[in-house]
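Reproduced below: data_27.cif, with mmCIF, C-alpha atoms.
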data_work
#
loop_
_atom_site.group_PDB
_atom_site.id
_atom_site.type_symbol
_atom_site.label_atom_id
_atom_site.label_comp_id
_atom_site.auth_asym_id
_atom_site.auth_seq_id
_atom_site.Cartn_x
_atom_site.Cartn_y
_atom_site.Cartn_z
ATOM 1 C CA MET A 1 17.684 -6.922 0.565
ATOM 2 C CA GLU A 2 14.299 -8.559 1.060
ATOM 3 C CA PRO A 3 12.590 -9.051 4.424
ATOM 4 C CA SER A 4 13.051 -12.544 5.804
ATOM 5 C CA GLN A 5 10.289 -15.000 4.967
ATOM 6 C CA LYS A 6 11.029 -17.442 7.772
ATOM 7 C CA GLN A 7 8.261 -19.295 9.539
ATOM 8 C CA ALA A 8 7.881 -16.789 12.372
ATOM 9 C CA SER A 9 4.471 -15.164 12.127
ATOM 10 C CA ILE A 10 5.675 -11.768 13.323
ATOM 11 C CA LEU A 11 8.880 -9.792 13.548
ATOM 12 C CA ASN A 12 9.874 -7.732 16.533
ATOM 13 C CA ILE A 13 10.060 -3.953 16.351
ATOM 14 C CA PRO A 14 13.875 -3.601 16.202
ATOM 15 C CA THR A 15 14.058 -6.095 13.342
ATOM 16 C CA ALA A 16 11.313 -4.253 11.478
ATOM 17 C CA ILE A 17 13.121 -0.962 11.908
ATOM 18 C CA VAL A 18 16.276 -2.368 10.305
ATOM 19 C CA ILE A 19 14.221 -3.859 7.482
ATOM 20 C CA ALA A 20 12.433 -0.570 6.868
ATOM 21 C CA GLY A 21 15.753 1.068 6.143
ATOM 22 C CA ALA A 22 16.581 -1.610 3.606
ATOM 23 C CA ILE A 23 13.351 -1.571 1.592
ATOM 24 C CA ILE A 24 13.031 2.077 0.687
ATOM 25 C CA ALA A 25 14.567 1.576 -2.750
ATOM 26 C CA GLY A 26 11.412 -0.348 -3.658
ATOM 27 C CA ALA A 27 9.305 2.791 -3.574
ATOM 28 C CA VAL A 28 8.976 3.810 -7.190
ATOM 29 C CA ILE A 29 6.607 4.927 -9.898
ATOM 30 C CA TYR A 30 6.742 2.390 -12.686
ATOM 31 C CA ALA A 31 6.954 3.375 -16.310
ATOM 32 C CA LYS A 32 7.542 1.173 -19.320
ATOM 33 C CA ALA A 33 11.202 0.297 -19.526
ATOM 34 C CA PRO A 34 13.173 0.476 -22.784
ATOM 35 C CA SER A 35 13.680 -2.801 -24.599
ATOM 36 C CA SER A 36 16.510 -4.870 -23.177
ATOM 37 C CA ASN A 37 18.210 -8.159 -23.910
ATOM 38 C CA THR A 38 18.631 -8.871 -20.197
ATOM 39 C CA PRO A 39 17.344 -12.381 -19.377
ATOM 40 C CA ARG A 40 13.979 -12.261 -17.614
ATOM 41 C CA GLN A 41 13.615 -13.754 -14.156
ATOM 42 C CA GLN A 42 10.555 -15.606 -12.988
ATOM 43 C CA ALA A 43 8.186 -13.544 -10.853
ATOM 44 C CA ALA A 44 9.254 -14.001 -7.239
ATOM 45 C CA SER A 45 7.080 -16.143 -5.007
ATOM 46 C CA PHE A 46 5.890 -15.396 -1.489
ATOM 47 C CA GLU A 47 4.104 -17.259 1.264
ATOM 48 C CA GLN A 48 0.486 -16.427 1.957
ATOM 49 C CA LYS A 49 0.852 -14.510 5.204
ATOM 50 C CA VAL A 50 -1.477 -11.604 4.489
ATOM 51 C CA LYS A 51 -3.861 -10.903 7.336
ATOM 52 C CA ALA A 52 -7.385 -11.805 6.261
ATOM 53 C CA VAL A 53 -9.609 -8.896 5.268
ATOM 54 C CA SER A 54 -12.179 -8.283 7.992
ATOM 55 C CA GLU A 55 -14.708 -5.759 9.245
ATOM 56 C CA THR A 56 -11.907 -4.024 11.162
ATOM 57 C CA ASP A 57 -10.276 -3.022 7.870
ATOM 58 C CA HIS A 58 -10.891 0.228 5.999
ATOM 59 C CA ILE A 59 -12.730 -0.924 2.891
ATOM 60 C CA LYS A 60 -13.969 1.021 -0.100
ATOM 61 C CA GLY A 61 -16.309 -1.022 -2.270
ATOM 62 C CA ASN A 62 -17.935 -4.424 -1.830
ATOM 63 C CA PRO A 63 -16.297 -6.426 1.002
ATOM 64 C CA SER A 64 -17.326 -9.602 -0.835
ATOM 65 C CA ALA A 65 -15.849 -8.545 -4.181
ATOM 66 C CA LYS A 66 -14.067 -11.241 -6.189
ATOM 67 C CA VAL A 67 -10.959 -9.054 -6.378
ATOM 68 C CA LYS A 68 -9.694 -7.350 -3.229
ATOM 69 C CA ILE A 69 -6.755 -4.953 -3.427
ATOM 70 C CA VAL A 70 -5.001 -4.539 -0.079
ATOM 71 C CA GLU A 71 -2.775 -1.489 -0.316
ATOM 72 C CA TYR A 72 0.088 -0.858 2.123
ATOM 73 C CA SER A 73 0.699 2.875 1.961
ATOM 74 C CA ASP A 74 2.614 5.782 3.494
ATOM 75 C CA PRO A 75 0.874 9.202 3.541
ATOM 76 C CA SER A 76 4.206 11.047 3.204
ATOM 77 C CA CYS A 77 5.221 9.071 0.123
ATOM 78 C CA PRO A 78 4.963 10.925 -3.228
ATOM 79 C CA PHE A 79 4.438 7.641 -5.078
ATOM 80 C CA CYS A 80 1.548 6.776 -2.749
ATOM 81 C CA LYS A 81 -0.041 10.120 -3.584
ATOM 82 C CA VAL A 82 0.047 9.202 -7.273
ATOM 83 C CA PHE A 83 -1.236 5.681 -6.667
ATOM 84 C CA HIS A 84 -4.058 6.953 -4.441
ATOM 85 C CA ASN A 85 -5.454 8.737 -7.477
ATOM 86 C CA THR A 86 -4.994 5.563 -9.515
ATOM 87 C CA MET A 87 -6.955 3.533 -6.985
ATOM 88 C CA ASN A 88 -9.760 6.083 -6.834
ATOM 89 C CA SER A 89 -10.028 5.794 -10.620
ATOM 90 C CA ILE A 90 -10.025 1.994 -10.361
ATOM 91 C CA MET A 91 -12.866 2.112 -7.864
ATOM 92 C CA ALA A 92 -14.829 4.488 -10.085
ATOM 93 C CA SER A 93 -14.524 1.938 -12.903
ATOM 94 C CA TYR A 94 -14.956 -1.322 -10.986
ATOM 95 C CA GLY A 95 -16.142 -0.551 -7.482
ATOM 96 C CA THR A 96 -19.632 0.683 -8.285
ATOM 97 C CA ALA A 97 -20.538 -2.719 -9.727
ATOM 98 C CA GLY A 98 -19.167 -4.475 -6.657
ATOM 99 C CA ASN A 99 -16.395 -6.256 -8.556
ATOM 100 C CA VAL A 100 -13.409 -4.781 -6.708
ATOM 101 C CA ALA A 101 -12.770 -3.750 -3.111
ATOM 102 C CA TRP A 102 -9.934 -1.491 -1.940
ATOM 103 C CA ILE A 103 -8.505 -2.120 1.516
ATOM 104 C CA TYR A 104 -6.119 0.447 2.991
ATOM 105 C CA ARG A 105 -3.405 -0.552 5.459
ATOM 106 C CA HIS A 106 -0.583 1.477 6.954
ATOM 107 C CA TYR A 107 3.087 1.218 6.060
ATOM 108 C CA PRO A 108 4.723 4.455 7.274
ATOM 109 C CA LEU A 109 8.443 4.683 6.519
ATOM 110 C CA ASP A 110 9.165 6.557 9.730
ATOM 111 C CA LYS A 111 11.707 4.049 11.046
ATOM 112 C CA PRO A 112 15.457 4.825 11.312
ATOM 113 C CA MET A 113 17.523 3.640 8.364
ATOM 114 C CA PRO A 114 20.956 2.066 8.863
ATOM 115 C CA ASP A 115 22.575 5.516 8.738
ATOM 116 C CA GLY A 116 20.174 6.818 11.406
ATOM 117 C CA SER A 117 18.164 9.054 9.088
ATOM 118 C CA ILE A 118 14.389 8.833 8.769
ATOM 119 C CA LEU A 119 12.802 9.075 5.352
ATOM 120 C CA HIS A 120 9.287 10.153 6.376
ATOM 121 C CA PRO A 121 9.316 11.352 10.010
ATOM 122 C CA ASN A 122 5.677 12.516 9.947
ATOM 123 C CA ALA A 123 4.203 9.445 8.269
ATOM 124 C CA GLY A 124 3.378 7.643 11.504
ATOM 125 C CA LYS A 125 1.373 10.557 12.883
ATOM 126 C CA GLU A 126 -0.360 11.035 9.547
ATOM 127 C CA SER A 127 -1.342 7.360 9.533
ATOM 128 C CA GLN A 128 -2.650 7.710 13.068
ATOM 129 C CA ALA A 129 -4.670 10.715 11.936
ATOM 130 C CA PHE A 130 -6.488 8.450 9.472
ATOM 131 C CA GLU A 131 -7.400 6.155 12.358
ATOM 132 C CA CYS A 132 -8.545 9.056 14.537
ATOM 133 C CA ALA A 133 -10.888 10.075 11.723
ATOM 134 C CA ALA A 134 -12.261 6.541 11.538
ATOM 135 C CA ASP A 135 -12.648 6.453 15.317
ATOM 136 C CA GLN A 136 -15.114 9.330 15.094
ATOM 137 C CA GLY A 137 -16.894 8.653 11.850
ATOM 138 C CA GLY A 138 -16.203 5.102 10.750
ATOM 139 C CA ASN A 139 -15.396 4.136 7.202
ATOM 140 C CA GLU A 140 -16.969 7.236 5.647
ATOM 141 C CA LYS A 141 -14.832 9.702 7.609
ATOM 142 C CA PHE A 142 -11.732 7.548 7.195
ATOM 143 C CA TRP A 143 -11.922 7.803 3.416
ATOM 144 C CA LYS A 144 -12.939 11.454 3.416
ATOM 145 C CA TYR A 145 -9.956 12.336 5.594
ATOM 146 C CA THR A 146 -7.559 10.091 3.676
ATOM 147 C CA ASP A 147 -8.634 11.372 0.263
ATOM 148 C CA ARG A 148 -8.220 14.954 1.413
ATOM 149 C CA LEU A 149 -4.754 14.430 2.871
ATOM 150 C CA TYR A 150 -3.487 12.788 -0.309
ATOM 151 C CA GLU A 151 -5.113 15.566 -2.319
ATOM 152 C CA ILE A 152 -3.330 18.420 -0.548
ATOM 153 C CA THR A 153 -0.078 16.904 0.696
ATOM 154 C CA PRO A 154 3.131 17.955 -1.053
ATOM 155 C CA SER A 155 4.565 14.627 0.172
ATOM 156 C CA VAL A 156 8.280 14.309 0.909
ATOM 157 C CA THR A 157 10.419 15.214 -2.086
ATOM 158 C CA SER A 158 13.607 17.186 -2.646
ATOM 159 C CA ALA A 159 11.406 20.197 -3.384
ATOM 160 C CA ALA A 160 9.355 19.697 -0.210
ATOM 161 C CA PRO A 161 11.623 17.772 2.196
ATOM 162 C CA ASN A 162 9.327 18.331 5.174
ATOM 163 C CA GLY A 163 6.200 17.108 3.443
ATOM 164 C CA LEU A 164 2.848 18.132 4.877
ATOM 165 C CA ASP A 165 2.891 20.667 7.713
ATOM 166 C CA PRO A 166 1.495 18.817 10.806
ATOM 167 C CA LYS A 167 -0.676 21.878 11.473
ATOM 168 C CA GLU A 168 -2.745 20.810 8.476
ATOM 169 C CA LEU A 169 -3.937 17.606 10.163
ATOM 170 C CA PRO A 170 -6.623 19.258 12.348
ATOM 171 C CA LYS A 171 -7.623 21.439 9.382
ATOM 172 C CA ILE A 172 -8.289 18.289 7.386
ATOM 173 C CA ALA A 173 -10.288 16.996 10.351
ATOM 174 C CA GLU A 174 -12.433 20.126 10.204
ATOM 175 C CA TYR A 175 -12.834 19.679 6.436
ATOM 176 C CA ALA A 176 -14.002 16.113 7.037
ATOM 177 C CA GLY A 177 -16.618 17.263 9.542
ATOM 178 C CA LEU A 178 -14.928 15.839 12.624
ATOM 179 C CA ASP A 179 -14.871 17.151 16.175
ATOM 180 C CA VAL A 180 -11.455 18.812 16.006
ATOM 181 C CA THR A 181 -10.894 18.852 19.769
ATOM 182 C CA ALA A 182 -11.557 15.123 20.024
ATOM 183 C CA PHE A 183 -9.414 14.524 16.957
ATOM 184 C CA ASN A 184 -6.474 16.452 18.427
ATOM 185 C CA ASN A 185 -6.766 14.542 21.686
ATOM 186 C CA CYS A 186 -6.790 11.230 19.827
ATOM 187 C CA LEU A 187 -3.672 12.181 17.902
ATOM 188 C CA ALA A 188 -1.832 13.612 20.915
ATOM 189 C CA THR A 189 -2.354 10.494 23.017
ATOM 190 C CA GLY A 190 -1.162 8.119 20.304
ATOM 191 C CA LYS A 191 -4.355 6.115 20.637
ATOM 192 C CA PHE A 192 -3.771 4.251 17.377
ATOM 193 C CA LYS A 193 0.017 4.064 17.316
ATOM 194 C CA ASP A 194 -0.043 0.314 17.991
ATOM 195 C CA LYS A 195 -2.647 -0.312 15.297
ATOM 196 C CA VAL A 196 -0.549 1.493 12.702
ATOM 197 C CA GLU A 197 2.548 -0.418 13.802
ATOM 198 C CA ALA A 198 0.682 -3.717 13.568
ATOM 199 C CA ASP A 199 -0.157 -2.987 9.917
ATOM 200 C CA PHE A 200 3.481 -2.161 9.263
ATOM 201 C CA LEU A 201 4.657 -5.451 10.771
ATOM 202 C CA ASP A 202 2.100 -7.381 8.723
ATOM 203 C CA GLY A 203 3.567 -5.789 5.612
ATOM 204 C CA VAL A 204 7.106 -6.672 6.645
ATOM 205 C CA ASN A 205 6.115 -10.291 7.204
ATOM 206 C CA ILE A 206 4.714 -10.772 3.721
ATOM 207 C CA GLY A 207 7.734 -9.176 2.066
ATOM 208 C CA ILE A 208 6.625 -5.636 1.274
ATOM 209 C CA GLU A 209 9.665 -3.852 -0.162
ATOM 210 C CA GLY A 210 8.453 -0.269 -0.603
ATOM 211 C CA THR A 211 5.448 1.990 -0.809
ATOM 212 C CA PRO A 212 2.954 1.756 -2.218
ATOM 213 C CA SER A 213 2.637 -2.027 -2.424
ATOM 214 C CA SER A 214 -0.679 -3.688 -3.189
ATOM 215 C CA VAL A 215 -1.715 -7.268 -2.550
ATOM 216 C CA ILE A 216 -4.415 -8.519 -4.897
ATOM 217 C CA VAL A 217 -6.387 -11.139 -2.967
ATOM 218 C CA LEU A 218 -8.470 -13.598 -4.990
ATOM 219 C CA GLU A 219 -11.243 -16.049 -4.122
ATOM 220 C CA LYS A 220 -9.611 -18.952 -5.920
ATOM 221 C CA ALA A 221 -6.248 -19.844 -7.436
ATOM 222 C CA PHE A 222 -5.592 -18.851 -11.021
ATOM 223 C CA PRO A 223 -4.325 -21.414 -13.565
ATOM 224 C CA THR A 224 -0.973 -21.435 -15.341
ATOM 225 C CA THR A 225 -2.493 -19.851 -18.432
ATOM 226 C CA VAL A 226 -3.523 -16.805 -16.395
ATOM 227 C CA LYS A 227 -0.073 -16.613 -14.815
ATOM 228 C CA GLU A 228 1.490 -16.532 -18.278
ATOM 229 C CA LYS A 229 -0.774 -13.660 -19.323
ATOM 230 C CA LEU A 230 0.003 -11.875 -16.060
ATOM 231 C CA MET A 231 3.694 -12.024 -16.858
ATOM 232 C CA GLN A 232 2.955 -10.534 -20.282
ATOM 233 C CA ILE A 233 1.182 -7.567 -18.672
ATOM 234 C CA TYR A 234 4.256 -6.756 -16.555
ATOM 235 C CA GLU A 235 6.893 -7.577 -19.182
ATOM 236 C CA PRO A 236 7.167 -3.871 -20.172
ATOM 237 C CA TYR A 237 7.986 -2.940 -16.549
ATOM 238 C CA VAL A 238 10.834 -5.398 -15.950
ATOM 239 C CA ASP A 239 13.860 -3.588 -14.506
ATOM 240 C CA ALA A 240 17.438 -3.574 -15.781
ATOM 241 C CA GLN A 241 18.192 -6.756 -13.836
ATOM 242 C CA GLY A 242 15.301 -8.614 -15.472
ATOM 243 C CA LYS A 243 13.176 -8.507 -12.320
ATOM 244 C CA TYR A 244 9.394 -8.273 -12.563
ATOM 245 C CA PRO A 245 7.590 -5.724 -10.325
ATOM 246 C CA ILE A 246 5.217 -8.431 -9.069
ATOM 247 C CA LYS A 247 5.290 -11.403 -6.735
ATOM 248 C CA ILE A 248 2.896 -14.345 -6.869
ATOM 249 C CA SER A 249 1.887 -16.363 -3.816
ATOM 250 C CA ALA A 250 2.811 -20.027 -3.750
ATOM 251 C CA ASP A 251 -0.882 -20.955 -3.974
ATOM 252 C CA SER A 252 -1.583 -18.546 -6.885
ATOM 253 C CA LYS A 253 -4.318 -16.734 -4.936
ATOM 254 C CA MET A 254 -2.434 -13.499 -4.261
ATOM 255 C CA ILE A 255 -0.299 -11.078 -6.262
ATOM 256 C CA ILE A 256 1.893 -8.305 -4.860
ATOM 257 C CA LEU A 257 2.245 -5.237 -7.072
ATOM 258 C CA GLY A 258 5.350 -3.303 -6.056
ATOM 259 C CA GLY A 259 5.351 0.451 -6.561
ATOM 260 C CA ALA A 260 2.885 2.871 -8.138
ATOM 261 C CA MET A 261 1.921 0.727 -11.092
ATOM 262 C CA PRO A 262 0.259 2.540 -14.021
ATOM 263 C CA ILE A 263 -3.514 2.351 -14.187
ATOM 264 C CA GLU A 264 -3.367 0.468 -17.493
ATOM 265 C CA ALA A 265 -1.443 -2.385 -15.863
ATOM 266 C CA VAL A 266 -3.737 -2.480 -12.835
ATOM 267 C CA LYS A 267 -6.849 -2.564 -15.009
ATOM 268 C CA ALA A 268 -5.391 -5.281 -17.240
ATOM 269 C CA THR A 269 -4.613 -7.338 -14.130
ATOM 270 C CA ILE A 270 -8.121 -6.944 -12.743
ATOM 271 C CA ASP A 271 -9.705 -7.818 -16.086
ATOM 272 C CA LEU A 272 -7.522 -10.931 -16.284
ATOM 273 C CA MET A 273 -8.782 -12.103 -12.908
ATOM 274 C CA PHE A 274 -12.334 -12.292 -14.284
ATOM 275 C CA THR A 275 -11.380 -14.653 -17.114
ATOM 276 C CA TYR A 276 -11.204 -17.868 -15.126
#

Represent the structure contained in this file as C-alpha cells.
Amino acid sequence: MEPSQKQASILNIPTAIVIAGAIIAGAVIYAKAPSSNTPRQQAASFEQKVKAVSETDHIKGNPSAKVKIVEYSDPSCPFCKVFHNTMNSIMASYGTAGNVAWIYRHYPLDKPMPDGSILHPNAGKESQAFECAADQGGNEKFWKYTDRLYEITPSVTSAAPNGLDPKELPKIAEYAGLDVTAFNNCLATGKFKDKVEADFLDGVNIGIEGTPSSVIVLEKAFPTTVKEKLMQIYEPYVDAQGKYPIKISADSKMIILGGAMPIEAVKATIDLMFTY
C-alpha cells in the first residue's frame, strides 16, 4: 500500500502512524535480481512535494551542488546503516569537488503498525539525539554524532532485536565533544521531537515507502533520453512483479531511490545527471 498522494499538503499524525505500519516492507537492501520474463512496469511517478533544501537542513557537501541527495533515514534500521556507508563513499568521490550534496532527514519507524507492534521503538529518540548534537555544535557535530551512531549501532535485527542500547547515546555525545549534561537535558525534554516528526510527515507526503529512501533533487529537468538510460541502470534491480526501485517526479527534476541501493547504481545515476 502506498501513502496517499492527494492534494493535501500534510497528513495528520494518526494517518501517518497507520501509513508507517504499511510501508515497512519497502525497507530493503537491493541486489541484482535474477533474470525474469516478468513484464516490466514503468517507473512510478510522484508529485513534487519535497520540502526545499534550506539552511535549516543538515547538509554535507556544497549546498549549491547540481545534484542534491535528500535521504530519509531511520537510525535503528540495518539497511540505513549500510546505506550510510554508501553515502559517505559517494561524498568522498563527488562531494570534495562540490558536485553532490547530501541532506539528511529523519524517518524513524517508531509508529505502531496495524497489529500494534513497533518496529524500531528507539528510532525517534535516536533521531532526536542527532538534533541535540546539532543544537550544540551545528552541522559539524551533527555529522560527527550521526556517523558515530551508524558506525557502532547493531541496528534492529533478529540477532539484535533491541538495537542500540539507549545508554550509548550520551557516550556518543562525549565522543563527539559535546556537553553531555546539556545533551542529556535536550534529549530528556524532547526538544526536537516535533522537528523529527515534521521530517517524517514530509516523507509520508511525497510517498516514501521504507528506509532508507533518497530523493535526488536536480537543478533542471532531464530529457527522455536520460530517463531511458536511468531505467537501464535500474533494470537489474526490478523485483519479481516487474516494479522498478525508483520513482520519477512528474516534472523530471526529482528521483526517489527506494531502499539501500548499491553504490554502483548510485554512482551511475549521479554520473548520468551530469550528461545533460

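Note that CA of Trp143 in chain A and CA of Tyr94 in chain A are 17.3 Å apart.
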
inquiry  = With only C-alpha atoms as the counted atoms, please give the residues lying no more than 8 Å from Glu126 in chain A, apart from itself and same-chain residues fewer than 6 positions off, as a VMD selection string.
reply    = chain A and resid 75 to 76 169

Any chance you could export the current selection's C-alpha atoms as a PDB file, keeping the file's coordinate frame?
ATOM      1  CA  PRO A  75       0.874   9.202   3.541  1.00  0.00           C
ATOM      2  CA  SER A  76       4.206  11.047   3.204  1.00  0.00           C
ATOM      3  CA  LEU A 169      -3.937  17.606  10.163  1.00  0.00           C
TER       4      LEU A 169
END

Around all the atoms of range 103-120 of chain A listed in the file, with 4 Å of room on each side, what axis-aligned box do you get, giving centre and edge lengths in Å to one decimal, as AutoDock Vina command-line options?
--center_x 7.0 --center_y 4.0 --center_z 6.5 --size_x 39.1 --size_y 20.3 --size_z 17.9

ask   = Skipping near chain neighbours, those fewer than 6 positions away, what residues fall within 12 Å of Glu55 in chain A using all atoms listed in the file, listed as a PyMOL selection string?
value = chain A and resi 62-64+103+138-139

I'd like a table as JSON lines: residues in range 75-141 of chain A with an atom no more than 12 Å from range 216-231 of chain A, each row giving the shortest atom pair and its distance in Å to one decimal, only C-alpha atoms counted, sorted by chain and rising residue number.
{"residue": "A:Asn99", "atom": "CA", "partner": "A:Leu218", "partner_atom": "CA", "distance": 11.4}
{"residue": "A:Val100", "atom": "CA", "partner": "A:Ile216", "partner_atom": "CA", "distance": 9.9}
{"residue": "A:Ala101", "atom": "CA", "partner": "A:Val217", "partner_atom": "CA", "distance": 9.8}
{"residue": "A:Trp102", "atom": "CA", "partner": "A:Ile216", "partner_atom": "CA", "distance": 9.4}
{"residue": "A:Ile103", "atom": "CA", "partner": "A:Ile216", "partner_atom": "CA", "distance": 9.9}

Emit the selected residues as a CSV table (one decimal), keeping the file's coordinate frame, including C-alpha atoms.
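What ended up in selection08.csv:
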chain,number,residue,atom,x,y,z
A,99,ASN,CA,-16.4,-6.3,-8.6
A,100,VAL,CA,-13.4,-4.8,-6.7
A,101,ALA,CA,-12.8,-3.8,-3.1
A,102,TRP,CA,-9.9,-1.5,-1.9
A,103,ILE,CA,-8.5,-2.1,1.5

ask   = What is the distance, in Å and to one decimal place, between CA of Gly116 in chain A and CA of Ser158 in chain A?
value =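 Separation between CA of Gly116 in chain A and CA of Ser158 in chain A: 18.7 Å.
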
task = Given the file shown, enumerate the residues that the PyMOL selection byres ((chain A and resi 123) around 8) captures and present them as a ChimeraX atom specification.
result = /A:74-76,108-110,120-122,124-127

query = Which residue out of A:Ala129, A:Ile208, A:Ile90, A:Ala134 has the minimum interatomic distance to Thr56 in chain A when all atoms listed in the file are used?
reply = A:Ala134

inquiry  = Please enumerate the residues selected by the PyMOL selection byres ((chain A and resi 203) around 9) when evaluated against the supplied file, formatted as a PyMOL selection string.
reply    = chain A and resi 50+72+105-107+198-202+204-209+213

task = Expand the PyMOL selection byres ((chain A and resi 253-259) around 6) into the individual residues it matches in the shown file, reporting them as an NGL selection string.
result = :A and (27-29 or 211-218 or 220-221 or 245-249 or 251-252 or 260-261)

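Counting from CA of Phe130 in chain A, the distance to CA of Val82 in chain A is 18.0 Å.
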
request  = Pick out the closest residue to Lys193 in chain A from this set: A:Leu178, A:Ile59, A:Cys132, A:Ala44. Count all atoms listed in the file.
outcome  =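 Looking at the shortest contact to Lys193 in chain A, the residue is A:Cys132.
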
inquiry  = Counting all atoms listed in the file, which residue out of A:Gly163, A:Gln136, A:Phe192, A:Tyr150 sits closest to Gly177 in chain A?
reply    =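 The closest residue to Gly177 in chain A is A:Gln136.
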